[in-house]
Amino acid sequence: MVTEKKEELRITDKEEQLKIIGMHCATCVMTVSKSLKSVSGVKDAEVNLATGSAKVILSGNVRLKELVKAVRKAGYDVATEKFTVKLNVNPEEMPKIERKFENVKGVVDVKSNPGLGIVSVEYNLESTTPEEILKEAGVKGEIINEQRSERSVLYKDFYDLLKRLVIGITFTPLTYLFPFFLGILLSIPVQFYSGLRFHKGAYRALKNRTTNMDVLVSLASNILWFSGIFLHSTFYADASLLITFILVGKTLEAYIKAKMSSEIRIEPYKATLKDGRVVNSNELKVGDIIIVRTGERIPADGIIESGEGEVNEAILTGEQKPVLKRKGDNVLAGGILVNGYLEIYVTRNWDRSYIIQVIESVRGAYNARVSIQNLVDKVSSVFVPIVITLSALTFLVWKFVLGYNLYSSLLFSVAVLAAACPCALGLASPMAMLVSVRRALKRGIIIRDGSILEEIRNVNVAVLDKTGTVTEGEYVIISKKEFINGAFDLATIAESRSIHPIAKAFHKIINDGKVEQFEEFPGRGIYARVNGNDVIVGSKDFVKSNCDWNVEDEGDILICVNGRAGGIVNIRDKLRDDAKRVINYMRERGIRVIIATGDSSNYADEIGKELGVEVRKGLTPDDKAELVKELRENDNKVMFIGDGINDAIAMREADVGIAVSSGTDLAKSAGKVVINSLDDVIGLFEQAKLGVRKIKENLAWAFGYNTVIIPIAAGLFYPTIYLPPEYAALAMGFSSVIVSLWSLVPI
């Protein structure tokens with residue numbers, strides 16, 4: 001009996017292997033293990049520091065996405081990869097395709113863009129491959145990679161449609177000009193080559209027990225073509241015209257998609273190595289030295305080894321004003337050297353460069369779904385069956401109730417099939433989203449998750465970090481006092497290991513010394529062993545809790561040396577020029593503004609008073625996250641804006657996390673949006689308003705079009721208004737084109 005029980009458990013339990021990123025000590029192992037075990041359905045989790053891996057035993061129906069989310073929430077990451085696949089499906093089929101991918105082992109997340117026919121899949125490197133995922137999902141498509149770019153795949157679709165359209169335009173007029181039998185022969189290339197993609201799409205949809213636009217087009221054209229043969233009429237010519245007119249609309253639509261997609265892509269740049277060789281930027285390796293001259297584009301992320309010059313980084317920031325760069329400054333791929341000469345040490349490979357990360361993030365944002373899309377999906381799932389039913393009823397009414405002949409009854413029935421357009425419904429949201437994300441990018445706002453365009457409109461609480469977000473993050477030391485001789489010098493040497501804005505105030509005073517040990521406590525302070533001395537520098541609470549502080553004098557920053565009060569430092573930071581303007585804008589929208597900072601000094605209160613907002617000071621990174629969590633639990637929609645490592649957890653906890661681009665890489669990766677300045681927050685609200693309005697207008701057109709056109713096609717207003725099947729098909733094709741074009745109109 002016991003053996004049988006164990007066998008049952010062995011069969012039911014599942015195992016997932018994860019590669020954890022960011023662990024460096026035993027505490028990290030405990031934190032990751034605890035976060036994994038907190039997920040409902042996880043039976044056990046074994047985390048190995050040496051291999052950086054985690055073995056998770058699942059006893060319930062746990063999605064891999066939940067495990068990855070738990071690890072990332074704890075401040076670590078899971079090694080995953082993404083691939084993009086181009087599918088030849090209609091927009092209304094995408095929800096079903098997404099579910100197929102989501103049910104495959106090893107898939108973390110799936111995002112689709114029905115407008116472009118593209119699916120982005122994030123998967124676990126340890127358990128599967130893109131080819132295995134496609135096979136398991138039972139989906140056929142073209143994987144987009146460096147050899148086969150997204151642009152080439154999308155343009156391939158356009159060229160395929162164009163070839164079919166040319167055949168249609170060439171042969172369709174001839175079907176009307178020549179006698180019956182010759183006319184039928186001339187219609188075959190149009191019906192069975194130009195229309196083949198619709199017939200294949202219909203077969204695929206019916207095989208998968210679903211329906212789409214292809215079913216309507218294939219059914220309408222086949223009814224006309226075969227009826228033309230059996231009834232000895234020119235219906236076969238009408239079928240050719242129907243397919244040709246639909247191809248006009250679909251070809252224009254495909255061109256718009258390809259054109260819009262090709263604008264959000266970056267080809268590798270040309271790079272000149274110091275030895276004179278010219279290579280593509282994707283061939284550069286970390287450590288290479290490259291030369292950039294006036295007028296050339298910077299081909300890689302790196303640090304200036306020598307030289308100086310003005311760099312235009314508009315492609316990354318939207319700011320046209322060149323920035324002066326000198327030795328030791330960072331530069332990013334994509335910037336243009338307006339004047340000067342630079343020798344750059346490459347610090348990141350092309351596929352890891354910031355500009356590629358931006359492009360990948362923007363592509364991911366295209367795939368976001370707004371809440372109204374759920375209603376659209378429900379309508380789309382029943383739309384085609386309803387249209388087919390209406391078409392059948394139209395035939396029966398005209399033939400048997402009104403007593404019209406077979407010829408006329410068929411025309412009205414087929415016109416209903418040809419006029420109805422489910423594609424416009426499927427395109428309404430993703431096309432508007434795509435355009436909104438592109439527009440934001442041109443303003444220097446990087447939207448990683450398109451859903452925030454909807455979420456940000458409901459925000460009623462904004463929490464802002466102080467240092468580097470509300471202030472410029474350029475601290476200066478205004479006064480200092482030592483209780484132990486040399487304490488300030490020791491603190492300066494210790495702070496040289498930190499990149500915190502406050503630490504940079506110490507960096508300006510150069511001191512040589514040996515740092516034997518260093519540890520940073522984000523938002524609180526640092527510990528270092530310098531020249532044999534234990535040095536702690538940080539906030540009042542942090543230092544006092546780790547030091548025998550026996551003096552009354554207090555400053556903004558305290559220094560502890562070998563367990564005793566060593567000195568105090570007073571610092572100041574400058575308020576950003578746009579801080580008041582942005583905070584007043586948010587308050588006018590009825591948004592409650594809170595400044596959350598690790599700074600426990602009186603200066604934090606002064607900033608709050610000057611801006612007229614609440615201040616929560618002396619907060620650790622966890623405290624900031626708890627504040628956001630508490631606000632959300634009280635039914636608030638919370639936006640968090642920050643720029644530091646200590647803001648990353650709070651950003652992920654917020655409904656809308658926004659990172660200032662001058663901040664750390666970790667903060668930028670945590671934010672759903674990356675901005676260059678606080679002023680961009682206003683631009684983000686305006687873009688969100690326009691984007692959501694476009695979605696609603698597109699949907700209003702799509703629903704309105706079908707509501708009006710189907711009764712007309714059914715002959716409700718005959719003989720005053722009449723819509724032959726071929727012109728109904730033209731209307732169908734252009735319905736999607738209108739949705740695409742209207743998304744581009746910036747009003």
# chains A, B, ... in the order shown; residues from 1 in each chain; ligands from 1
$ residues_around --residues "Val78 (chain A)" --least-positions-apart "3" --cutoff "10 Å" --atoms "only C-alpha atoms" --output "list in words"
Leu18, Lys19, Ile20, Ile21, Gly22, Gly52, Ser53, Ala54, Leu67, Val68, Lys69, Ala70, Val71, Arg72, Glu81, Asn124 and Leu125 of chain A
$ select_by_dssp --residues "region 94-327 of chain A" --states "strand (DSSP E)" --output "PyMOL selection string"
chain A and resi 107-113+118-124+142-144+270-273+278-280+289-293+302-312+323-325
$ atom_distance --atom1 "CA of Val414 (chain A)" --atom2 "CA of Ile243 (chain A)"
12.6 Å
$ residues_around --residues "region 679-682 of chain A" --least-positions-apart "4" --cutoff "7 Å" --atoms "only C-alpha atoms" --output "list in words"
Ile445, Asp578, Val582, Ile675 and Glu686 of chain A
$ atom_distance --atom1 "CA of Thr234 (chain A)" --atom2 "CA of Ala420 (chain A)"
23.0 Å
$ closest_residue --among "A:Asp599, A:Asp655, A:Asp577, A:Glu726" --to "Arg616 (chain A)" --atoms "only C-alpha atoms"
A:Asp599
$ atom_distance --atom1 "CA of Asp623 (chain A)" --atom2 "CA of Leu36 (chain A)"
21.5 Å
$ select_by_dssp --residues "region 136-215 of chain A" --states "alpha helix (DSSP H)" --output "PDB file with N, CA and C atoms, in the first residue's frame"
ATOM      1  N   GLU A 136       4.969  21.380 -29.898  1.00  0.00           N
ATOM      2  CA  GLU A 136       4.013  21.014 -28.843  1.00  0.00           C
ATOM      3  C   GLU A 136       2.705  21.787 -28.976  1.00  0.00           C
ATOM      4  N   ALA A 137       2.809  23.056 -29.395  1.00  0.00           N
ATOM      5  CA  ALA A 137       1.601  23.882 -29.534  1.00  0.00           C
ATOM      6  C   ALA A 137       0.817  23.525 -30.789  1.00  0.00           C
ATOM      7  N   GLU A 150      12.224  40.453 -38.680  1.00  0.00           N
ATOM      8  CA  GLU A 150      10.782  40.710 -38.657  1.00  0.00           C
ATOM      9  C   GLU A 150      10.350  41.480 -39.898  1.00  0.00           C
ATOM     10  N   ARG A 151      11.185  42.429 -40.316  1.00  0.00           N
ATOM     11  CA  ARG A 151      10.856  43.240 -41.487  1.00  0.00           C
ATOM     12  C   ARG A 151      10.724  42.369 -42.732  1.00  0.00           C
ATOM     13  N   SER A 152      11.693  41.451 -42.934  1.00  0.00           N
ATOM     14  CA  SER A 152      11.666  40.621 -44.142  1.00  0.00           C
ATOM     15  C   SER A 152      10.459  39.701 -44.154  1.00  0.00           C
ATOM     16  N   VAL A 153      10.083  39.201 -42.959  1.00  0.00           N
ATOM     17  CA  VAL A 153       8.919  38.305 -42.882  1.00  0.00           C
ATOM     18  C   VAL A 153       7.637  39.066 -43.193  1.00  0.00           C
ATOM     19  N   LEU A 154       7.519  40.284 -42.623  1.00  0.00           N
ATOM     20  CA  LEU A 154       6.311  41.068 -42.865  1.00  0.00           C
ATOM     21  C   LEU A 154       6.218  41.527 -44.320  1.00  0.00           C
ATOM     22  N   TYR A 155       7.347  41.918 -44.905  1.00  0.00           N
ATOM     23  CA  TYR A 155       7.326  42.326 -46.303  1.00  0.00           C
ATOM     24  C   TYR A 155       7.100  41.128 -47.227  1.00  0.00           C
ATOM     25  N   LYS A 156       7.535  39.946 -46.772  1.00  0.00           N
ATOM     26  CA  LYS A 156       7.269  38.742 -47.559  1.00  0.00           C
ATOM     27  C   LYS A 156       5.757  38.537 -47.685  1.00  0.00           C
ATOM     28  N   ASP A 157       5.034  38.771 -46.590  1.00  0.00           N
ATOM     29  CA  ASP A 157       3.575  38.638 -46.600  1.00  0.00           C
ATOM     30  C   ASP A 157       2.968  39.653 -47.567  1.00  0.00           C
ATOM     31  N   PHE A 158       3.495  40.879 -47.532  1.00  0.00           N
ATOM     32  CA  PHE A 158       2.998  41.921 -48.434  1.00  0.00           C
ATOM     33  C   PHE A 158       3.245  41.536 -49.894  1.00  0.00           C
ATOM     34  N   TYR A 159       4.458  41.058 -50.207  1.00  0.00           N
ATOM     35  CA  TYR A 159       4.796  40.698 -51.592  1.00  0.00           C
ATOM     36  C   TYR A 159       3.976  39.496 -52.072  1.00  0.00           C
ATOM     37  N   ASP A 160       3.696  38.574 -51.159  1.00  0.00           N
ATOM     38  CA  ASP A 160       2.860  37.428 -51.524  1.00  0.00           C
ATOM     39  C   ASP A 160       1.453  37.899 -51.911  1.00  0.00           C
ATOM     40  N   LEU A 161       0.895  38.792 -51.086  1.00  0.00           N
ATOM     41  CA  LEU A 161      -0.432  39.337 -51.396  1.00  0.00           C
ATOM     42  C   LEU A 161      -0.398  40.142 -52.692  1.00  0.00           C
ATOM     43  N   LEU A 162       0.687  40.887 -52.907  1.00  0.00           N
ATOM     44  CA  LEU A 162       0.805  41.709 -54.110  1.00  0.00           C
ATOM     45  C   LEU A 162       0.811  40.842 -55.374  1.00  0.00           C
ATOM     46  N   LYS A 163       1.545  39.712 -55.321  1.00  0.00           N
ATOM     47  CA  LYS A 163       1.571  38.797 -56.477  1.00  0.00           C
ATOM     48  C   LYS A 163       0.163  38.273 -56.777  1.00  0.00           C
ATOM     49  N   ARG A 164      -0.535  37.898 -55.726  1.00  0.00           N
ATOM     50  CA  ARG A 164      -1.899  37.372 -55.911  1.00  0.00           C
ATOM     51  C   ARG A 164      -2.834  38.457 -56.436  1.00  0.00           C
ATOM     52  N   LEU A 165      -2.621  39.700 -55.973  1.00  0.00           N
ATOM     53  CA  LEU A 165      -3.436  40.817 -56.447  1.00  0.00           C
ATOM     54  C   LEU A 165      -3.178  41.092 -57.924  1.00  0.00           C
ATOM     55  N   VAL A 166      -1.917  41.030 -58.352  1.00  0.00           N
ATOM     56  CA  VAL A 166      -1.567  41.260 -59.766  1.00  0.00           C
ATOM     57  C   VAL A 166      -2.253  40.227 -60.657  1.00  0.00           C
ATOM     58  N   ILE A 167      -2.253  38.957 -60.208  1.00  0.00           N
ATOM     59  CA  ILE A 167      -2.952  37.904 -60.972  1.00  0.00           C
ATOM     60  C   ILE A 167      -4.437  38.226 -61.061  1.00  0.00           C
ATOM     61  N   GLY A 168      -4.998  38.681 -59.910  1.00  0.00           N
ATOM     62  CA  GLY A 168      -6.422  39.022 -59.893  1.00  0.00           C
ATOM     63  C   GLY A 168      -6.750  40.165 -60.828  1.00  0.00           C
ATOM     64  N   ILE A 169      -5.945  41.222 -60.776  1.00  0.00           N
ATOM     65  CA  ILE A 169      -6.169  42.396 -61.627  1.00  0.00           C
ATOM     66  C   ILE A 169      -6.001  42.039 -63.112  1.00  0.00           C
ATOM     67  N   THR A 170      -5.079  41.123 -63.417  1.00  0.00           N
ATOM     68  CA  THR A 170      -4.816  40.730 -64.815  1.00  0.00           C
ATOM     69  C   THR A 170      -5.953  39.888 -65.390  1.00  0.00           C
ATOM     70  N   PHE A 171      -6.407  38.896 -64.638  1.00  0.00           N
ATOM     71  CA  PHE A 171      -7.362  37.927 -65.201  1.00  0.00           C
ATOM     72  C   PHE A 171      -8.832  38.291 -64.975  1.00  0.00           C
ATOM     73  N   THR A 172      -9.145  39.025 -63.915  1.00  0.00           N
ATOM     74  CA  THR A 172     -10.562  39.302 -63.618  1.00  0.00           C
ATOM     75  C   THR A 172     -11.283  40.039 -64.747  1.00  0.00           C
ATOM     76  N   PRO A 173     -10.714  41.111 -65.333  1.00  0.00           N
ATOM     77  CA  PRO A 173     -11.430  41.771 -66.439  1.00  0.00           C
ATOM     78  C   PRO A 173     -11.680  40.823 -67.620  1.00  0.00           C
ATOM     79  N   LEU A 174     -10.737  39.900 -67.850  1.00  0.00           N
ATOM     80  CA  LEU A 174     -10.873  38.975 -68.975  1.00  0.00           C
ATOM     81  C   LEU A 174     -12.038  38.002 -68.774  1.00  0.00           C
ATOM     82  N   THR A 175     -12.339  37.692 -67.497  1.00  0.00           N
ATOM     83  CA  THR A 175     -13.449  36.747 -67.230  1.00  0.00           C
ATOM     84  C   THR A 175     -14.787  37.333 -67.668  1.00  0.00           C
ATOM     85  N   TYR A 176     -14.889  38.663 -67.690  1.00  0.00           N
ATOM     86  CA  TYR A 176     -16.128  39.314 -68.128  1.00  0.00           C
ATOM     87  C   TYR A 176     -16.168  39.490 -69.649  1.00  0.00           C
ATOM     88  N   LEU A 177     -14.976  39.526 -70.271  1.00  0.00           N
ATOM     89  CA  LEU A 177     -14.910  39.830 -71.699  1.00  0.00           C
ATOM     90  C   LEU A 177     -15.106  38.608 -72.598  1.00  0.00           C
ATOM     91  N   PHE A 180     -18.457  32.059 -72.019  1.00  0.00           N
ATOM     92  CA  PHE A 180     -18.645  31.289 -70.787  1.00  0.00           C
ATOM     93  C   PHE A 180     -17.483  30.357 -70.458  1.00  0.00           C
ATOM     94  N   PHE A 181     -17.201  29.365 -71.334  1.00  0.00           N
ATOM     95  CA  PHE A 181     -16.189  28.355 -70.998  1.00  0.00           C
ATOM     96  C   PHE A 181     -14.792  28.961 -70.875  1.00  0.00           C
ATOM     97  N   LEU A 182     -14.447  29.879 -71.778  1.00  0.00           N
ATOM     98  CA  LEU A 182     -13.151  30.532 -71.705  1.00  0.00           C
ATOM     99  C   LEU A 182     -13.071  31.432 -70.460  1.00  0.00           C
ATOM    100  N   GLY A 183     -14.206  32.059 -70.129  1.00  0.00           N
ATOM    101  CA  GLY A 183     -14.275  32.904 -68.930  1.00  0.00           C
ATOM    102  C   GLY A 183     -14.008  32.099 -67.669  1.00  0.00           C
ATOM    103  N   ILE A 184     -14.566  30.863 -67.611  1.00  0.00           N
ATOM    104  CA  ILE A 184     -14.339  29.996 -66.449  1.00  0.00           C
ATOM    105  C   ILE A 184     -12.855  29.636 -66.337  1.00  0.00           C
ATOM    106  N   LEU A 185     -12.247  29.288 -67.483  1.00  0.00           N
ATOM    107  CA  LEU A 185     -10.819  28.941 -67.471  1.00  0.00           C
ATOM    108  C   LEU A 185      -9.964  30.111 -66.983  1.00  0.00           C
ATOM    109  N   LEU A 186     -10.321  31.310 -67.441  1.00  0.00           N
ATOM    110  CA  LEU A 186      -9.562  32.498 -67.039  1.00  0.00           C
ATOM    111  C   LEU A 186      -9.777  32.857 -65.562  1.00  0.00           C
ATOM    112  N   SER A 187     -10.888  32.402 -64.982  1.00  0.00           N
ATOM    113  CA  SER A 187     -11.162  32.706 -63.568  1.00  0.00           C
ATOM    114  C   SER A 187     -10.437  31.749 -62.621  1.00  0.00           C
ATOM    115  N   ILE A 188      -9.988  30.601 -63.144  1.00  0.00           N
ATOM    116  CA  ILE A 188      -9.332  29.588 -62.287  1.00  0.00           C
ATOM    117  C   ILE A 188      -8.083  30.145 -61.583  1.00  0.00           C
ATOM    118  N   PRO A 189      -7.165  30.860 -62.278  1.00  0.00           N
ATOM    119  CA  PRO A 189      -5.998  31.414 -61.564  1.00  0.00           C
ATOM    120  C   PRO A 189      -6.379  32.337 -60.405  1.00  0.00           C
ATOM    121  N   LEU A 196      -6.195  31.305 -52.926  1.00  0.00           N
ATOM    122  CA  LEU A 196      -5.748  30.100 -52.210  1.00  0.00           C
ATOM    123  C   LEU A 196      -5.481  30.365 -50.733  1.00  0.00           C
ATOM    124  N   ARG A 197      -4.905  31.523 -50.400  1.00  0.00           N
ATOM    125  CA  ARG A 197      -4.601  31.799 -48.986  1.00  0.00           C
ATOM    126  C   ARG A 197      -5.874  31.891 -48.159  1.00  0.00           C
ATOM    127  N   PHE A 198      -6.975  32.337 -48.762  1.00  0.00           N
ATOM    128  CA  PHE A 198      -8.252  32.374 -48.038  1.00  0.00           C
ATOM    129  C   PHE A 198      -8.817  30.962 -47.877  1.00  0.00           C
ATOM    130  N   HIS A 199      -8.697  30.145 -48.931  1.00  0.00           N
ATOM    131  CA  HIS A 199      -9.197  28.763 -48.852  1.00  0.00           C
ATOM    132  C   HIS A 199      -8.393  27.959 -47.834  1.00  0.00           C
ATOM    133  N   LYS A 200      -7.056  28.152 -47.838  1.00  0.00           N
ATOM    134  CA  LYS A 200      -6.208  27.459 -46.861  1.00  0.00           C
ATOM    135  C   LYS A 200      -6.535  27.909 -45.441  1.00  0.00           C
ATOM    136  N   GLY A 201      -6.717  29.224 -45.290  1.00  0.00           N
ATOM    137  CA  GLY A 201      -7.044  29.769 -43.966  1.00  0.00           C
ATOM    138  C   GLY A 201      -8.363  29.246 -43.448  1.00  0.00           C
ATOM    139  N   ALA A 202      -9.327  29.101 -44.353  1.00  0.00           N
ATOM    140  CA  ALA A 202     -10.640  28.573 -43.961  1.00  0.00           C
ATOM    141  C   ALA A 202     -10.523  27.113 -43.535  1.00  0.00           C
ATOM    142  N   TYR A 203      -9.746  26.340 -44.305  1.00  0.00           N
ATOM    143  CA  TYR A 203      -9.551  24.924 -43.964  1.00  0.00           C
ATOM    144  C   TYR A 203      -8.873  24.784 -42.601  1.00  0.00           C
ATOM    145  N   ARG A 204      -7.832  25.601 -42.396  1.00  0.00           N
ATOM    146  CA  ARG A 204      -7.108  25.545 -41.121  1.00  0.00           C
ATOM    147  C   ARG A 204      -8.027  25.905 -39.957  1.00  0.00           C
ATOM    148  N   ALA A 205      -8.830  26.942 -40.128  1.00  0.00           N
ATOM    149  CA  ALA A 205      -9.724  27.378 -39.060  1.00  0.00           C
ATOM    150  C   ALA A 205     -10.761  26.301 -38.729  1.00  0.00           C
ATOM    151  N   LEU A 206     -11.384  25.745 -39.775  1.00  0.00           N
ATOM    152  CA  LEU A 206     -12.409  24.716 -39.550  1.00  0.00           C
ATOM    153  C   LEU A 206     -11.799  23.457 -38.943  1.00  0.00           C
ATOM    154  N   LYS A 207     -10.578  23.131 -39.350  1.00  0.00           N
ATOM    155  CA  LYS A 207      -9.879  21.980 -38.784  1.00  0.00           C
ATOM    156  C   LYS A 207      -9.647  22.178 -37.285  1.00  0.00           C
ATOM    157  N   MET A 213     -12.235  35.315 -40.790  1.00  0.00           N
ATOM    158  CA  MET A 213     -12.563  36.028 -42.025  1.00  0.00           C
ATOM    159  C   MET A 213     -12.359  35.150 -43.260  1.00  0.00           C
ATOM    160  N   ASP A 214     -11.326  34.284 -43.223  1.00  0.00           N
ATOM    161  CA  ASP A 214     -11.051  33.409 -44.362  1.00  0.00           C
ATOM    162  C   ASP A 214     -12.246  32.513 -44.683  1.00  0.00           C
ATOM    163  N   VAL A 215     -12.933  32.072 -43.630  1.00  0.00           N
ATOM    164  CA  VAL A 215     -14.116  31.225 -43.834  1.00  0.00           C
ATOM    165  C   VAL A 215     -15.175  31.982 -44.629  1.00  0.00           C
TER     166      VAL A 215
END
$ residues_around --residues "region 501-505 of chain A" --least-positions-apart "3" --cutoff "8 Å" --atoms "only C-alpha atoms" --output "list in words"
Thr467, Gly468, Gly473, Glu474, Tyr475, Val476, Ile477, Glu495, Ser496, Ser498, Lys508 and Ile509 of chain A
$ closest_residue --among "A:Ala494, A:Asp449, A:Asp556, A:Val110" --to "Asn531 (chain A)" --atoms "only C-alpha atoms"
A:Ala494
$ residues_around --residues "region 559-574 of chain A" --least-positions-apart "3" --cutoff "7 Å" --atoms "only C-alpha atoms" --output "number ranges by chain"
A: 471-484, 487-488, 491, 533-538, 543, 547-551, 554-556
$ closest_residue --among "A:Ile557, A:Val121, A:Ala314, A:Val376" --to "Ile355 (chain A)" --atoms "only C-alpha atoms"
A:Ala314
$ residues_around --residues "Ile336 (chain A)" --least-positions-apart "2" --cutoff "7 Å" --atoms "only C-alpha atoms" --output "ChimeraX atom specification"
/A:295-298,311-313,334,338
$ write_last_selection --atoms "C-alpha atoms" --output "JSON list (two decimals), in the first residue's frame"
[["chain", "number", "residue", "atom", "x", "y", "z"],
["A", 295, "GLY", "CA", 29.21, 62.87, -38.31],
["A", 296, "GLU", "CA", 29.44, 59.13, -37.57],
["A", 297, "ARG", "CA", 27.02, 57.09, -35.51],
["A", 298, "ILE", "CA", 28.29, 55.44, -32.33],
["A", 311, "VAL", "CA", 26.90, 63.57, -29.07],
["A", 312, "ASN", "CA", 23.29, 63.79, -30.28],
["A", 313, "GLU", "CA", 21.33, 61.02, -28.50],
["A", 334, "GLY", "CA", 22.82, 54.94, -31.88],
["A", 338, "VAL", "CA", 28.09, 65.93, -34.05]]
$ decode --residues "region 452-473 of chain A" --atoms "N, CA and C atoms" --output "short mmCIF file (atom, residue, chain, number, x, y, z; two decimals), in the first residue's frame"
data_model
loop_
_atom_site.label_atom_id
_atom_site.label_comp_id
_atom_site.auth_asym_id
_atom_site.auth_seq_id
_atom_site.Cartn_x
_atom_site.Cartn_y
_atom_site.Cartn_z
N ILE A 452 -0.09 49.85 -19.77
CA ILE A 452 -0.08 51.01 -18.87
C ILE A 452 -0.79 52.20 -19.50
N LEU A 453 -0.94 52.22 -20.84
CA LEU A 453 -1.67 53.31 -21.47
C LEU A 453 -3.10 53.37 -20.95
N GLU A 454 -3.62 52.21 -20.58
CA GLU A 454 -4.96 52.16 -19.99
C GLU A 454 -4.87 52.33 -18.48
N GLU A 455 -3.90 51.67 -17.85
CA GLU A 455 -3.79 51.69 -16.38
C GLU A 455 -3.49 53.07 -15.83
N ILE A 456 -2.63 53.83 -16.53
CA ILE A 456 -2.20 55.13 -15.99
C ILE A 456 -3.36 56.12 -15.89
N ARG A 457 -4.39 55.92 -16.69
CA ARG A 457 -5.54 56.83 -16.66
C ARG A 457 -6.36 56.65 -15.39
N ASN A 458 -6.16 55.51 -14.71
CA ASN A 458 -6.89 55.25 -13.46
C ASN A 458 -6.06 55.50 -12.21
N VAL A 459 -4.80 55.96 -12.39
CA VAL A 459 -3.92 56.21 -11.24
C VAL A 459 -4.48 57.34 -10.38
N ASN A 460 -4.56 57.11 -9.06
CA ASN A 460 -5.01 58.17 -8.16
C ASN A 460 -3.99 58.48 -7.05
N VAL A 461 -2.89 57.70 -7.02
CA VAL A 461 -1.80 57.98 -6.08
C VAL A 461 -0.47 57.85 -6.82
N ALA A 462 0.38 58.87 -6.70
CA ALA A 462 1.71 58.82 -7.30
C ALA A 462 2.75 58.89 -6.19
N VAL A 463 3.62 57.89 -6.14
CA VAL A 463 4.70 57.86 -5.16
C VAL A 463 6.00 58.13 -5.91
N LEU A 464 6.75 59.14 -5.47
CA LEU A 464 7.99 59.51 -6.16
C LEU A 464 9.18 59.36 -5.22
N ASP A 465 10.24 58.77 -5.74
CA ASP A 465 11.52 58.78 -5.03
C ASP A 465 12.03 60.22 -5.04
N LYS A 466 12.86 60.56 -4.06
CA LYS A 466 13.36 61.94 -4.01
C LYS A 466 14.66 62.10 -4.81
N THR A 467 15.71 61.43 -4.37
CA THR A 467 17.03 61.65 -4.95
C THR A 467 17.14 61.14 -6.38
N GLY A 468 17.43 62.03 -7.31
CA GLY A 468 17.59 61.65 -8.71
C GLY A 468 16.29 61.60 -9.47
N THR A 469 15.18 61.78 -8.75
CA THR A 469 13.86 61.77 -9.41
C THR A 469 13.23 63.15 -9.29
N VAL A 470 12.95 63.56 -8.05
CA VAL A 470 12.43 64.91 -7.81
C VAL A 470 13.58 65.91 -7.77
N THR A 471 14.73 65.43 -7.27
CA THR A 471 15.92 66.28 -7.27
C THR A 471 16.87 65.81 -8.37
N GLU A 472 17.90 66.58 -8.62
CA GLU A 472 18.83 66.26 -9.71
C GLU A 472 19.78 65.13 -9.37
N GLY A 473 19.89 64.80 -8.09
CA GLY A 473 20.77 63.70 -7.68
C GLY A 473 22.23 64.10 -7.68
#
